[in-house]
>>> print(open('input_8.cif').read())   # mmCIF, C-alpha atoms
data_upload
#
loop_
_atom_site.group_PDB
_atom_site.id
_atom_site.type_symbol
_atom_site.label_atom_id
_atom_site.label_comp_id
_atom_site.auth_asym_id
_atom_site.auth_seq_id
_atom_site.Cartn_x
_atom_site.Cartn_y
_atom_site.Cartn_z
ATOM 1 C CA ALA A 112 0.000 0.000 0.000
ATOM 2 C CA THR A 113 2.835 2.385 0.853
ATOM 3 C CA ALA A 114 4.647 1.644 -2.414
ATOM 4 C CA PHE A 115 1.420 2.222 -4.360
ATOM 5 C CA LEU A 116 0.823 5.596 -2.730
ATOM 6 C CA ARG A 117 4.418 6.642 -3.322
ATOM 7 C CA ARG A 118 3.937 5.876 -7.017
ATOM 8 C CA MET A 119 0.753 7.930 -7.047
ATOM 9 C CA MET A 120 2.558 10.866 -5.415
ATOM 10 C CA ALA A 121 5.411 10.535 -7.922
ATOM 11 C CA ARG A 122 2.844 10.769 -10.713
ATOM 12 C CA GLY A 123 1.616 14.086 -9.370
ATOM 13 C CA TYR A 124 -1.446 13.195 -7.303
ATOM 14 C CA ASP A 125 -1.656 15.689 -4.462
ATOM 15 C CA PHE A 126 -2.009 14.902 -0.777
ATOM 16 C CA GLU A 127 -5.657 15.987 -0.530
ATOM 17 C CA THR A 128 -6.706 13.797 -3.455
ATOM 18 C CA LEU A 129 -4.991 10.701 -2.080
ATOM 19 C CA VAL A 130 -6.487 11.168 1.359
ATOM 20 C CA GLU A 131 -10.029 11.881 0.214
ATOM 21 C CA ARG A 132 -10.139 9.349 -2.638
ATOM 22 C CA LEU A 133 -8.215 6.505 -0.968
ATOM 23 C CA ALA A 134 -7.511 6.785 2.766
ATOM 24 C CA ALA A 135 -10.858 8.195 3.896
ATOM 25 C CA PRO A 136 -13.023 5.754 1.886
ATOM 26 C CA THR A 137 -10.899 2.858 3.155
ATOM 27 C CA ALA A 138 -11.474 3.949 6.754
ATOM 28 C CA ARG A 139 -15.220 4.214 6.117
ATOM 29 C CA TRP A 140 -15.195 0.762 4.510
ATOM 30 C CA LEU A 141 -13.468 -0.742 7.538
ATOM 31 C CA GLY A 142 -16.117 0.839 9.739
ATOM 32 C CA GLU A 143 -18.862 -0.682 7.592
ATOM 33 C CA LEU A 144 -17.236 -4.134 7.795
ATOM 34 C CA TRP A 145 -17.156 -3.799 11.576
ATOM 35 C CA GLU A 146 -20.827 -2.766 11.742
ATOM 36 C CA GLN A 147 -21.707 -5.755 9.536
ATOM 37 C CA ASP A 148 -19.687 -8.114 11.773
ATOM 38 C CA ARG A 149 -17.462 -9.049 8.843
ATOM 39 C CA CYS A 150 -14.380 -7.798 10.750
ATOM 40 C CA ASP A 151 -13.710 -7.933 14.462
ATOM 41 C CA PHE A 152 -12.357 -5.076 16.562
ATOM 42 C CA LEU A 153 -8.766 -6.323 16.249
ATOM 43 C CA ASP A 154 -8.953 -6.390 12.442
ATOM 44 C CA VAL A 155 -10.305 -2.860 12.308
ATOM 45 C CA THR A 156 -7.739 -1.618 14.831
ATOM 46 C CA PHE A 157 -4.877 -3.039 12.771
ATOM 47 C CA GLY A 158 -6.362 -1.597 9.589
ATOM 48 C CA ILE A 159 -6.811 1.897 11.009
ATOM 49 C CA SER A 160 -3.341 1.765 12.554
ATOM 50 C CA ARG A 161 -1.872 0.981 9.146
ATOM 51 C CA LEU A 162 -3.842 3.812 7.571
ATOM 52 C CA GLN A 163 -2.480 6.185 10.207
ATOM 53 C CA GLU A 164 1.074 5.117 9.338
ATOM 54 C CA ILE A 165 0.404 5.704 5.652
ATOM 55 C CA LEU A 166 -1.172 9.073 6.383
ATOM 56 C CA ALA A 167 1.904 10.106 8.371
ATOM 57 C CA MET A 168 4.074 9.052 5.443
ATOM 58 C CA MET A 169 2.032 11.046 2.943
ATOM 59 C CA SER A 170 1.935 14.150 5.131
ATOM 60 C CA GLY A 171 5.726 14.129 5.153
ATOM 61 C CA ALA A 172 5.597 15.806 1.750
ATOM 62 C CA PRO A 173 7.055 19.334 1.557
ATOM 63 C CA ALA A 174 5.002 21.713 3.664
ATOM 64 C CA VAL A 175 3.063 24.546 2.118
ATOM 65 C CA ASN A 176 4.973 27.831 2.285
ATOM 66 C CA PHE A 177 2.922 30.685 3.704
ATOM 67 C CA ARG A 178 3.395 34.070 5.302
ATOM 68 C CA GLU A 179 0.433 34.595 7.541
ATOM 69 C CA ARG A 180 -0.339 34.941 11.203
ATOM 70 C CA PRO A 181 0.300 31.784 13.259
ATOM 71 C CA ARG A 182 -2.625 29.385 13.100
ATOM 72 C CA ARG A 183 -3.259 26.853 15.849
ATOM 73 C CA ALA A 184 -5.812 24.067 16.028
ATOM 74 C CA LEU A 185 -6.704 21.565 18.746
ATOM 75 C CA LEU A 186 -8.407 18.357 17.548
ATOM 76 C CA VAL A 187 -10.264 16.204 20.062
ATOM 77 C CA SER A 188 -12.003 12.836 20.100
ATOM 78 C CA MET A 189 -14.159 11.479 22.908
ATOM 79 C CA PRO A 190 -13.027 8.766 25.345
ATOM 80 C CA GLY A 191 -14.365 5.445 24.113
ATOM 81 C CA ASP A 192 -15.010 6.661 20.570
ATOM 82 C CA THR A 193 -12.940 4.401 18.306
ATOM 83 C CA HIS A 194 -14.118 5.990 15.036
ATOM 84 C CA SER A 195 -11.565 8.781 15.047
ATOM 85 C CA PHE A 196 -9.496 8.248 11.902
ATOM 86 C CA GLY A 197 -11.186 11.299 10.406
ATOM 87 C CA LEU A 198 -9.437 13.333 13.090
ATOM 88 C CA ASP A 199 -6.075 12.165 11.754
ATOM 89 C CA ILE A 200 -7.100 13.118 8.223
ATOM 90 C CA VAL A 201 -8.147 16.626 9.240
ATOM 91 C CA GLY A 202 -5.031 17.016 11.362
ATOM 92 C CA ALA A 203 -2.750 16.004 8.500
ATOM 93 C CA MET A 204 -4.497 18.326 6.074
ATOM 94 C CA LEU A 205 -4.376 21.279 8.455
ATOM 95 C CA SER A 206 -0.676 20.634 9.052
ATOM 96 C CA ALA A 207 -0.034 20.501 5.319
ATOM 97 C CA ALA A 208 -1.858 23.829 5.018
ATOM 98 C CA GLY A 209 0.469 25.435 7.551
ATOM 99 C CA TRP A 210 -1.427 25.012 10.817
ATOM 100 C CA SER A 211 0.153 24.016 14.113
ATOM 101 C CA VAL A 212 -2.001 21.077 15.192
ATOM 102 C CA THR A 213 -2.399 19.306 18.533
ATOM 103 C CA LEU A 214 -4.317 16.012 18.546
ATOM 104 C CA GLN A 215 -5.907 14.682 21.720
ATOM 105 C CA ARG A 216 -7.458 11.264 21.192
ATOM 106 C CA GLY A 217 -9.808 10.051 23.887
ATOM 107 C CA LEU A 218 -8.282 12.086 26.716
ATOM 108 C CA PRO A 219 -10.256 13.170 29.801
ATOM 109 C CA GLU A 220 -12.093 16.480 29.713
ATOM 110 C CA ASP A 221 -9.604 18.036 32.137
ATOM 111 C CA ASP A 222 -6.772 17.401 29.658
ATOM 112 C CA ASN A 223 -8.672 19.154 26.878
ATOM 113 C CA GLU A 224 -9.375 22.114 29.134
ATOM 114 C CA GLN A 225 -5.702 22.314 30.105
ATOM 115 C CA ALA A 226 -4.573 22.249 26.473
ATOM 116 C CA ILE A 227 -6.914 25.054 25.455
ATOM 117 C CA ALA A 228 -5.985 27.103 28.520
ATOM 118 C CA ASP A 229 -2.221 26.714 28.055
ATOM 119 C CA GLU A 230 -1.939 27.894 24.458
ATOM 120 C CA TRP A 231 -3.758 30.485 22.348
ATOM 121 C CA THR A 232 -5.804 28.394 19.915
ATOM 122 C CA HIS A 233 -7.923 29.620 17.021
ATOM 123 C CA ILE A 234 -9.865 26.481 16.126
ATOM 124 C CA VAL A 235 -10.969 23.393 18.030
ATOM 125 C CA GLY A 236 -12.231 20.397 16.090
ATOM 126 C CA VAL A 237 -14.254 17.703 17.853
ATOM 127 C CA THR A 238 -15.114 14.415 16.190
ATOM 128 C CA MET A 239 -18.061 12.145 16.973
ATOM 129 C CA GLY A 240 -18.351 8.628 15.607
ATOM 130 C CA GLY A 241 -21.838 7.909 16.946
ATOM 131 C CA VAL A 242 -24.830 9.771 18.361
ATOM 132 C CA GLU A 243 -24.290 8.047 21.701
ATOM 133 C CA PHE A 244 -21.480 10.562 22.268
ATOM 134 C CA ILE A 245 -23.697 13.622 21.677
ATOM 135 C CA ASP A 246 -23.858 14.645 25.346
ATOM 136 C CA ASP A 247 -20.110 14.160 25.771
ATOM 137 C CA VAL A 248 -19.410 16.350 22.748
ATOM 138 C CA ALA A 249 -21.773 19.093 23.947
ATOM 139 C CA ARG A 250 -20.153 19.061 27.388
ATOM 140 C CA THR A 251 -16.676 19.182 25.820
ATOM 141 C CA VAL A 252 -17.600 22.149 23.628
ATOM 142 C CA ARG A 253 -18.883 24.075 26.661
ATOM 143 C CA ALA A 254 -15.748 23.243 28.651
ATOM 144 C CA ILE A 255 -13.482 24.320 25.798
ATOM 145 C CA ARG A 256 -15.195 27.680 25.424
ATOM 146 C CA ARG A 257 -15.068 28.248 29.167
ATOM 147 C CA ALA A 258 -11.365 27.381 29.515
ATOM 148 C CA SER A 259 -9.981 28.864 26.294
ATOM 149 C CA ARG A 260 -7.350 31.600 26.415
ATOM 150 C CA ASN A 261 -8.907 32.865 23.188
ATOM 151 C CA PRO A 262 -12.367 34.233 24.018
ATOM 152 C CA GLU A 263 -13.298 34.059 20.319
ATOM 153 C CA VAL A 264 -12.203 30.429 19.844
ATOM 154 C CA ALA A 265 -14.250 28.672 17.170
ATOM 155 C CA VAL A 266 -15.394 25.065 17.425
ATOM 156 C CA MET A 267 -16.088 22.864 14.440
ATOM 157 C CA VAL A 268 -17.354 19.304 14.613
ATOM 158 C CA GLY A 269 -17.162 16.345 12.296
ATOM 159 C CA GLY A 270 -18.206 12.737 11.900
ATOM 160 C CA ALA A 271 -20.915 10.709 10.232
ATOM 161 C CA PRO A 272 -23.729 11.769 12.626
ATOM 162 C CA PHE A 273 -23.218 15.440 11.712
ATOM 163 C CA ASN A 274 -23.226 14.606 8.012
ATOM 164 C CA ARG A 275 -26.535 12.789 8.420
ATOM 165 C CA GLU A 276 -28.125 15.326 10.776
ATOM 166 C CA PRO A 277 -26.685 18.854 10.381
ATOM 167 C CA ASP A 278 -29.005 20.107 13.140
ATOM 168 C CA LEU A 279 -26.750 18.327 15.641
ATOM 169 C CA VAL A 280 -24.153 21.075 15.107
ATOM 170 C CA ALA A 281 -26.301 23.627 16.923
ATOM 171 C CA ARG A 282 -27.308 21.057 19.522
ATOM 172 C CA VAL A 283 -23.700 20.603 20.664
ATOM 173 C CA GLY A 284 -22.992 24.345 20.498
ATOM 174 C CA ALA A 285 -20.466 24.261 17.641
ATOM 175 C CA ASP A 286 -19.876 26.905 14.970
ATOM 176 C CA GLY A 287 -19.907 24.627 11.947
ATOM 177 C CA THR A 288 -19.183 21.225 10.443
ATOM 178 C CA ALA A 289 -17.404 19.865 7.395
ATOM 179 C CA PRO A 290 -18.081 16.597 5.557
ATOM 180 C CA ASP A 291 -14.448 15.926 4.607
ATOM 181 C CA GLY A 292 -10.844 16.964 5.155
ATOM 182 C CA PRO A 293 -10.446 19.635 2.458
ATOM 183 C CA THR A 294 -13.712 21.287 3.461
ATOM 184 C CA ALA A 295 -12.583 21.243 7.100
ATOM 185 C CA VAL A 296 -9.429 23.168 6.153
ATOM 186 C CA VAL A 297 -11.493 25.805 4.333
ATOM 187 C CA LEU A 298 -13.950 26.060 7.241
ATOM 188 C CA ALA A 299 -11.136 26.372 9.772
ATOM 189 C CA LYS A 300 -9.542 29.256 7.905
ATOM 190 C CA ARG A 301 -12.889 31.013 7.487
ATOM 191 C CA LEU A 302 -13.663 30.693 11.206
ATOM 192 C CA MET A 303 -10.196 31.958 12.101
ATOM 193 C CA LEU A 304 -10.438 34.972 9.804
ATOM 194 C CA ARG A 305 -13.775 35.832 11.365
ATOM 195 C CA GLN A 306 -11.975 36.133 14.706
ATOM 196 C CA PHE A 307 -9.552 38.659 13.221
ATOM 197 C CA VAL A 308 -12.475 40.731 11.966
ATOM 198 C CA ASP A 309 -14.423 40.551 15.202
ATOM 199 C CA ALA A 310 -11.542 41.033 17.604
ATOM 200 C CA PRO A 311 -7.897 42.137 17.599
ATOM 201 C CA TRP A 312 -5.280 39.423 17.254
ATOM 202 C CA THR A 313 -3.453 38.446 20.435
ATOM 203 C CA PRO A 314 -0.246 36.448 20.004
ATOM 204 C CA SER A 315 0.680 33.708 22.446
#
>>> encode(input="input_8.cif", output="structure tokens")
Amino acid sequence: ATAFLRRMMARGYDFETLVERLAAPTARWLGELWEQDRCDFLDVTFGISRLQEILAMMSGAPAVNFRERPRRALLVSMPGDTHSFGLDIVGAMLSAAGWSVTLQRGLPEDDNEQAIADEWTHIVGVTMGGVEFIDDVARTVRAIRRASRNPEVAVMVGGAPFNREPDLVARVGADGTAPDGPTAVVLAKRLMLRQFVDAPWTPS
């Protein structure tokens, strides 16, 4: 798989295309196999782990050069939510677009609050693999806003439940959602620029 993707990159396919056309659909397919009981948890864990390795390899491509204000994002998944590969995709794409990204997978709420309090952050992304985590996500969003050093911090959410039911975005108190990685990068930049319009920039 790694050799195949290297050949695709050598032929000129960009990072976003490879992630959205290959890595993301593969992760969704593994999730479907799990839901259909055609793969057990161990199979899916190994598969996602391999995808994460491949994603790290692909994101090692030359970074995008940019001359803009520093951009920081914190990406969070809920404890017990194993459907978080989308978080890795968004994180890799934001990094490739010049963002400084911190990923917190399944950590306690206190850890997320500490991270947002310690460093000026423009965007927080929270993923949700199933509607059973809706209350956890809503509580996390409230805690992030309360603890953030940036009073204008924006929160975007992602995951299959939000794609199926966009009204859940308002229910958890987020500012927006994106159905895929490239759209998440665009949304993140738009939400960050809105902060610069609404309030003066404060460096960390």
>>> resolve_selection(input="input_8.cif", expression="the PyMOL selection byres ((chain A and resi 291) around 9)", output="list in words")
Glu131, Ala135, Gly197, Ile200, Val201, Gly269, Gly270, Ala289, Pro290, Gly292, Pro293, Thr294, Ala295 and Val296 of chain A
>>> closest_residue(input="input_8.cif", among="A:Ser188, A:Thr113, A:Thr137, A:Thr128", to="Ala167 (chain A)", atoms="all atoms listed in the file")
A:Thr113
>>> closest_residue(input="input_8.cif", among="A:Pro272, A:Gly241, A:Gly236, A:Gly284", to="Leu302 (chain A)", atoms="all atoms listed in the file")
A:Gly236
>>> atom_distance(input="input_8.cif", atom1="CA of Gln163 (chain A)", atom2="CA of Val248 (chain A)")
23.4 Å
>>> atom_distance(input="input_8.cif", atom1="CA of Arg149 (chain A)", atom2="CA of Met189 (chain A)")
25.1 Å
>>> residues_around(input="input_8.cif", residues="Leu166 (chain A)", least_positions_apart="2", cutoff="10 Å", atoms="only C-alpha atoms", output="list in words")
Thr113, Leu116, Phe126, Leu129, Val130, Ala134, Ser160, Arg161, Leu162, Gln163, Glu164, Met168, Met169, Ser170, Gly171, Asp199, Ile200, Ala203 and Met204 of chain A
>>> residues_near_point(input="input_8.cif", point="(-29.2, 15.3, 15.8)", cutoff="12 Å", atoms="only C-alpha atoms", output="mmCIF file with C-alpha atoms, in the frame of the given file")
data_model
loop_
_atom_site.group_PDB
_atom_site.id
_atom_site.type_symbol
_atom_site.label_atom_id
_atom_site.label_comp_id
_atom_site.auth_asym_id
_atom_site.auth_seq_id
_atom_site.Cartn_x
_atom_site.Cartn_y
_atom_site.Cartn_z
ATOM 1 C CA MET A 239 -18.061 12.145 16.973
ATOM 2 C CA GLY A 241 -21.838 7.909 16.946
ATOM 3 C CA VAL A 242 -24.830 9.771 18.361
ATOM 4 C CA GLU A 243 -24.290 8.047 21.701
ATOM 5 C CA PHE A 244 -21.480 10.562 22.268
ATOM 6 C CA ILE A 245 -23.697 13.622 21.677
ATOM 7 C CA ASP A 246 -23.858 14.645 25.346
ATOM 8 C CA ALA A 249 -21.773 19.093 23.947
ATOM 9 C CA GLY A 270 -18.206 12.737 11.900
ATOM 10 C CA ALA A 271 -20.915 10.709 10.232
ATOM 11 C CA PRO A 272 -23.729 11.769 12.626
ATOM 12 C CA PHE A 273 -23.218 15.440 11.712
ATOM 13 C CA ASN A 274 -23.226 14.606 8.012
ATOM 14 C CA ARG A 275 -26.535 12.789 8.420
ATOM 15 C CA GLU A 276 -28.125 15.326 10.776
ATOM 16 C CA PRO A 277 -26.685 18.854 10.381
ATOM 17 C CA ASP A 278 -29.005 20.107 13.140
ATOM 18 C CA LEU A 279 -26.750 18.327 15.641
ATOM 19 C CA VAL A 280 -24.153 21.075 15.107
ATOM 20 C CA ALA A 281 -26.301 23.627 16.923
ATOM 21 C CA ARG A 282 -27.308 21.057 19.522
ATOM 22 C CA VAL A 283 -23.700 20.603 20.664
ATOM 23 C CA GLY A 284 -22.992 24.345 20.498
#
